[in-house]
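First up is the structure itself, then whatever we jot down about it.
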Amino acid sequence: MSVDIVNNLKKLKDSGVSPDKEWVAKNRDLLLYQVKNTVQEEKSSFSVSNLWSAMSVLMPKRLVYSVVRPLAVICLIIGLTSSGWIATVDASYNALPGDWLYPAKRAAEKTKIVAASIVGSKKAETKYHAEAAKQRAEEVKQIVKGTDQDKKTKVPQAISDLREEINQVDKNLEEIKSDPSQTQSDEMVKNIKVETDNIKLSLKEVQTDLLVSTENEDKILSQSIAETSSEVKAVEVKAVEVAVAKHLEGDVSVTSEEIVDMIGIALQDAVEEVEESKQSVVEAGKVVEGVKSAKDDSDIAADILLLGTTSTIPVKVVITSSTIAQAKVDSDLQVKIEEVSTQTKEAGAKTEEVSGRMNEKVNELKGLLEAGTLETVVEKMKEVNIVVKEAGDLSAKAVANVTEAFPVVKVAESEVEDVINVPVVVEENTTSTEAVEENTTSTEAVEENTTSTEVVE
Amino acid sequence: MAVINRFSTLNVHLLSNKSNNCNIFLTYTLSTMSKITEKLLLYKISTNKDPESFGLLYDLYVEKIYRFIYFKVGSKEVAEDITSEVFLKVWDHINKDKEIKSFSGLIYRLARNTIIDLYRSRAREPQILDIEESYNIADTNIKWFEQIDLKADVRSVAEALEKIKQEYKEVVTLRYIEELEIEEIAQIMDKKNVAVRVTLHRAVKKLKELLN
């Protein structure tokens, strides 16, 4: 019966109770006309909220807003942060302190270090610290070379950061050395060697740049860079020390040949450095003598003298005819020149002495290496480093004396090739190791340089 | 899925003319398709304020709404007036950016409320109304089925429909004439699904009693 009722009700629907077709059409037009009047003529542009309402056409609105939308937002956030992180870190690679991306760069470095320390890889951590140190050294270089107005505050900060990283490397190396479970250290030692070489190179460039500066702060900076340099060298020795210690503990990854090679290279570097220092002092002496011996205005021989020839970017002392003319009448300047002259001579004598000591040490070390007593080799290396530092300090002092007395400029590399005594310098540099063995070359070098000035005339 | 099963079994039970599952499936697919079309139109209206989409929506619903109102008011002219008023209200409602769970639910509810409003305003202002006219409306209201050509059994059902409670009449109309789903009816009448089922059951029972 109920079925009949339902069927009859359905029939009722089709029983002509439908609106008049004419009225339907008329009402439609009227309705649309009324509706159009309420609409402003602006087309809505795309908006995210439209996206969600469009989605709710196909799925329940609640699902869209409580599941799909949060999910989409989370995906977007993850996507943006990860891709943004990668892009930022990539872009921040060359950022300098004060740049807005610099914190990202530091954060990325720290993350690496923290990740390594969480994993418990002391070696990786040390490597990353060394990398960070290299970055800091690079930054110091960039800032010094750049035209940043806050140079004076940024450089010391970067140097102190660099020293911090170096100290951290040193500390980690100490821990690795005393921890017998840390093996396979050859890779790390090599990495550190590469990084420290880079750091030393950057620092040397910075020092050359600071030479041309007459400002007192730069002298102090130069001093602290010299200190950092010796710290870096100490770390280098420490790395060798770790290699030796591990080798003696039985770490097969470090062979004695490798250690001998490493020490050999370090030794050669040290010898070259002492020789460079000595050369700098000689050059400085030559500049002073050149000024002293200049007879008249036309005699501007000193103009082409190079200072700091050992650096990749040499510095030229500019002594013009007016300086010389002034030196003739200005008693103060004469006194000063005299003073510098004696100082430089003293420095020359001292470097000579240091160089002699260096030779002794080198010979001792060579003997030790031949004998294969690696334990004492490290100690000797440290002594060698002290000598290197001594020579470096002497030359820095001598050069500083000269640059204080006379104006200096940096010489562009292309210009260096034009300067006549460069071939002499290059020759000296290539034969520097031999030079140590023959102590007589230093006097020859002076002679050679005087001849080169003659050529210029 | 459970909902679909429930409707399909209900349909099979009610129709009892052994309509096959394929038919039910087709009906369901069609109704789903029309729901999606409906939602798409609503989306266009709410985001683009597109009168053309509203026109399409009007085409889909005008007949149903007119019939729903006509059954209630029993007058062609009044039904026409209320129908156009309802569609204007619908346009306003869509553009208020309120969530619309079911469009049919919304439009029938608006129609229902508009009719109620009409009755109320007439009740509040009896002096303005011509007594004879109001009597006429009431008169045509009862005899709307007499104005159309109906078969005897259909007419008796229509007569019975006029005799039962307003609430019963409404549920039965919405369910069996307009073929809305229980959920939609619940939304229109502002009741729970269970309450609608119970009311519907009672209404059919009452109709049976009257017809017997």
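Residues are named by chain letter and number: chains run A, B, ... in the order of the structure tokens, numbers start at 1 in each chain, and ligands are numbered from 1 in the order shown.
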Selection: 9 Å around B:Leu118, only C-alpha atoms, excl. self and same-chain fewer than 5 positions, as a compact mmCIF listing (two decimals) with N, CA, C and O atoms, in the first residue's frame:
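Saved the output as result24.txt:
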```
# COMPACT_ATOMS: atom_id res chain seq x y z
N ILE B 82 6.38 34.26 -5.10
CA ILE B 82 7.30 33.74 -4.08
C ILE B 82 8.52 33.13 -4.74
O ILE B 82 9.65 33.31 -4.28
N ASN B 113 10.93 29.37 4.28
CA ASN B 113 10.91 30.55 5.14
C ASN B 113 10.13 31.70 4.51
O ASN B 113 9.43 32.44 5.20
N ALA B 123 -0.94 37.42 8.74
CA ALA B 123 -1.57 37.25 10.05
C ALA B 123 -1.45 38.53 10.87
O ALA B 123 -2.34 38.89 11.62
```
Using only C-alpha atoms, select each residue of chain B with any atom at most 6 Å away from an atom of chain A, and give the selection as number ranges by chain.
B: 14, 39-40, 48, 154, 177
Nearby residues (only C-alpha atoms) at most 12 Å from A:Glu217, same-chain spacing under 3 positions excluded, as a ChimeraX atom specification:
/A:151-153,155-156,210-211,213-214,220-224
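Those residues that approach B:Gly105 to within 12 Å, counting only C-alpha atoms, are Lys35, Tyr61, Ile65, Val90, Ala111, Arg112, Leu174, Glu178, Leu180, Glu181, Ile182, Glu183, Glu184, Ile185, Ala186, Gln187, Ile188, Met189, Asp190 and Lys191 of chain B; same-chain residues fewer than 6 positions away are not listed.
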Contact residues around A:Asp148 with only C-alpha atoms at 12 Å, ignoring same-chain residues under 6 positions, as an MDAnalysis selection string
chainID A and resid 96:99 140 142 154:155
